[in-house]
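Novice: One structure, as structure tokens, below. Some questions next.
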Amino acid sequence: MPMPTPGGGGAAAAARHPPSGEAAAAARDEEQQEEEGEEDLRDGGVPFFVNRGGLPVDEPTWERMWRHVGRIHPEGERVAQRIRGAADLPKIPIPSVPAFQPSTPIPERLEAVQRYIRELQYNHTGTQFFEIKKSRPLTGLMDLAKEMTKEALPIKCLEAVILGIYLTNNMTTLDRFPISFKTHFSGNYFRHIVLGVNFGGRYGALGISRREELMYKAPVFRTLSELIFDFEEAYRRCWHTLKKVKLGHCVSHDPHSVEQIEWKHSILDLDKLTREDFRKELERHARDMRLKIGKGTGPPSPTKDRKKDVSSPQRGQASPHRRNSRGDRRPSGEKKPADSKAMPDLNGYQIRV
């Protein structure tokens with residue numbers, strides 16, 4: 001019996017044998033994802049397409065997207081024909097970017113950010129509209145996040161992480177760090193990513209997923225291990241087995257920073273760790289983040305002239321791309337020095353382009 005595909009897409013089997021030309025395109029996307037360290041960009045265990053031509057979407061990407069929708073959607077080509085043939089499609093409301101008063105408590109701000117991410121909706125098309133390169137400096141990723149708010153298109157989990165960073169840049173008392181999951185179900189591996197947060201010593205998460213329990217977590221968890229174990233239990237309820245967790249370091253609050261996000265400071269392979277060792281490694285990572293911030297090597301706060309508008313995110317100049325070093329990745333439990341698949345609910349299904 002098919003089971004949920006929480007972080008990825010459904011109908012994976014239908015997408016396993018695309019036409020040869022598109023199979024080559026998907027393979028190139030997968031190869032570049034691995035090259036960039038972006039193996040989180042998968043949909044139901046199957047490589048999916050990425051719009052690399054920017055917006056507006058060019059004609060070849062547009063047609064490829066609709067062909068792909070016809071293969072992966074439960075209704076097949078009928079849904080594409082019905083939408084493209086409609087004379088009067090309903091207008092989709094554009095969500096408003098949340099704005100906050102200086103006195104708004106951080107937990108309330110996080111709830112508002114998560115509502116905004118949810119209102120954009122999960123992207124079910126099988127084509128990611130925004131190309132995310134993890135090796136880009138933070139300033140470039142923030143420019144991309146601003147474009148996401150302008151276009152208001154459906155997003156996937158990695159786009160939600162970048163957007164979450166952008167929308168929380170002014171919350172300088174909030175620590176943000178990426179958390180990646182790799183799970184196994186029915187012979188396939190699935191990948192998902194959320195933005196971990198820590199406020200006042202309590203952990204939570206922001207993100208998007210087809211599964212409600214695999215995205216937002218209010219900052220109520222006393223330890224990082226409690227947060228991760230909660231995600232693990234959520235996966236278990238979806239019949240997925242958690243295989244690997246990757247934890248990054250805290251992200252700078254400076255939207256103009258040319259630093260890269262450290263996505264994989266700790267790589268924890270659950271097949272190689274006992275339960276107690278897994279917990280210890282999670283808490284060790286939490287200590288590493290606290291020490292890094294305590295030594296002044298953590299995320300800097302924006303300068304005074306950048307704090308003038310505290311009600312909205314800020315934008316920086318685009319910066320050239322820069323690649324990560326593959327030598328920085330560590331196996332399970334090894335730490336870098338501190339200094340150095342049921343079908344989706346179709347009732348609310350919408351394809352917006």
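Labels for the structure tokens follow display order: chains A, B, ..., residues from 1 in each chain, ligands from 1.
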Write down as a PyMOL selection string the residues belonging to stretch 97-337 of chain A that are assigned strand (DSSP E or B) by DSSP computed on the backbone.
Specialist: chain A and resi 122+127-128+137+155+175-185+188-199+202-206+217-221+241-247+260+266-269
Novice: Just write the chosen residues, C-alpha atoms, as a PDB file, in the first residue's frame.
Specialist:
ATOM      1  CA  TYR A 122       3.704  23.943  -1.710  1.00  0.00           C
ATOM      2  CA  THR A 127       9.488  22.158 -11.507  1.00  0.00           C
ATOM      3  CA  GLN A 128      11.194  24.410  -8.972  1.00  0.00           C
ATOM      4  CA  PRO A 137      26.988  34.202  -0.715  1.00  0.00           C
ATOM      5  CA  ILE A 155       7.784  26.994  -3.287  1.00  0.00           C
ATOM      6  CA  ASP A 175      19.513  32.047  15.969  1.00  0.00           C
ATOM      7  CA  ARG A 176      18.816  30.359  12.594  1.00  0.00           C
ATOM      8  CA  PHE A 177      20.503  27.237  11.232  1.00  0.00           C
ATOM      9  CA  PRO A 178      19.641  24.685   8.498  1.00  0.00           C
ATOM     10  CA  ILE A 179      18.534  21.134   9.343  1.00  0.00           C
ATOM     11  CA  SER A 180      18.498  18.509   6.570  1.00  0.00           C
ATOM     12  CA  PHE A 181      16.887  15.076   6.784  1.00  0.00           C
ATOM     13  CA  LYS A 182      17.404  11.948   4.715  1.00  0.00           C
ATOM     14  CA  THR A 183      14.816   9.193   5.137  1.00  0.00           C
ATOM     15  CA  HIS A 184      14.107   5.803   3.609  1.00  0.00           C
ATOM     16  CA  PHE A 185      10.800   4.308   2.539  1.00  0.00           C
ATOM     17  CA  ASN A 188      13.711   4.995  -2.034  1.00  0.00           C
ATOM     18  CA  TYR A 189      15.501   7.797  -0.210  1.00  0.00           C
ATOM     19  CA  PHE A 190      13.789  11.106   0.463  1.00  0.00           C
ATOM     20  CA  ARG A 191      15.301  14.452   1.420  1.00  0.00           C
ATOM     21  CA  HIS A 192      13.867  17.424   3.239  1.00  0.00           C
ATOM     22  CA  ILE A 193      15.210  20.608   4.819  1.00  0.00           C
ATOM     23  CA  VAL A 194      13.888  23.113   7.371  1.00  0.00           C
ATOM     24  CA  LEU A 195      15.252  26.206   9.082  1.00  0.00           C
ATOM     25  CA  GLY A 196      16.005  25.492  12.721  1.00  0.00           C
ATOM     26  CA  VAL A 197      15.531  28.383  15.146  1.00  0.00           C
ATOM     27  CA  ASN A 198      16.592  29.025  18.721  1.00  0.00           C
ATOM     28  CA  PHE A 199      15.058  31.794  20.790  1.00  0.00           C
ATOM     29  CA  ARG A 202      14.103  27.050  23.077  1.00  0.00           C
ATOM     30  CA  TYR A 203      14.296  25.333  19.695  1.00  0.00           C
ATOM     31  CA  GLY A 204      11.799  25.268  16.824  1.00  0.00           C
ATOM     32  CA  ALA A 205      11.680  25.282  13.013  1.00  0.00           C
ATOM     33  CA  LEU A 206      10.266  27.067   9.956  1.00  0.00           C
ATOM     34  CA  LYS A 217       7.677  23.742  15.045  1.00  0.00           C
ATOM     35  CA  ALA A 218       7.013  26.422  17.643  1.00  0.00           C
ATOM     36  CA  PRO A 219      10.125  27.335  19.698  1.00  0.00           C
ATOM     37  CA  VAL A 220       9.168  25.237  22.722  1.00  0.00           C
ATOM     38  CA  PHE A 221      11.751  22.428  22.672  1.00  0.00           C
ATOM     39  CA  THR A 241      12.938   5.717   8.649  1.00  0.00           C
ATOM     40  CA  LEU A 242      15.287   8.574   9.470  1.00  0.00           C
ATOM     41  CA  LYS A 243      18.743   7.721   8.104  1.00  0.00           C
ATOM     42  CA  LYS A 244      20.805  10.891   8.282  1.00  0.00           C
ATOM     43  CA  VAL A 245      20.662  14.400   9.768  1.00  0.00           C
ATOM     44  CA  LYS A 246      22.823  17.295   8.610  1.00  0.00           C
ATOM     45  CA  LEU A 247      23.129  20.388  10.788  1.00  0.00           C
ATOM     46  CA  GLN A 260      28.305  31.385   2.559  1.00  0.00           C
ATOM     47  CA  SER A 266      27.676  18.093  11.467  1.00  0.00           C
ATOM     48  CA  ILE A 267      26.635  15.019   9.454  1.00  0.00           C
ATOM     49  CA  LEU A 268      25.049  12.361  11.648  1.00  0.00           C
ATOM     50  CA  ASP A 269      24.527   8.906  10.158  1.00  0.00           C
TER      51      ASP A 269
END
Novice: What are the DSSP alpha helix (DSSP H) residues of stretch 130-298 of chain A, as JSON, numbers by chain?
Specialist: {"A": [138, 139, 140, 141, 142, 143, 144, 145, 146, 147, 148, 149, 150, 151, 157, 158, 159, 160, 161, 162, 163, 164, 165, 166, 167, 224, 225, 226, 227, 228, 229, 230, 231, 232, 233, 234, 235, 236, 237, 275, 276, 277, 278, 279, 280, 281, 282, 283, 284, 285, 286, 287, 288, 289, 290, 291, 292, 293, 294]}
Novice: For A:Gly201, which residue among A:Val258, A:Met289, A:Val97, A:Ile165 is the nearest when counting only C-alpha atoms?
Specialist: A:Met289
Novice: Between A:Phe49, A:Phe278, A:Trp239, A:Trp66, which has the minimum distance to A:Ser225 (counting only C-alpha atoms)?
Specialist: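 Using only C-alpha atoms, A:Ser225 sits closest to A:Phe278.
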Novice: If you count only C-alpha atoms, which residues fall within 8 Å of A:Pro95, apart from same-chain ones fewer than 5 positions away, as a PyMOL selection string?
Specialist: chain A and resi 116+119-120+152
Novice: Select from stretch 139-184 of chain A every residue with an atom at most 12 Å from any atom of stretch 53-64 of chain A, then for each give the shortest pair of atoms and their distance in Å to one decimal, using only C-alpha atoms, rows by chain and rising number, as CSV.
Specialist:
residue,atom,partner,partner_atom,distance
A:Leu144,CA,A:Gly54,CA,10.4
A:Glu147,CA,A:Leu55,CA,9.6
A:Met148,CA,A:Leu55,CA,10.5
A:Lys150,CA,A:Leu55,CA,11.2
A:Glu151,CA,A:Leu55,CA,8.8
A:Ala152,CA,A:Leu55,CA,11.9
A:Leu153,CA,A:Leu55,CA,10.8
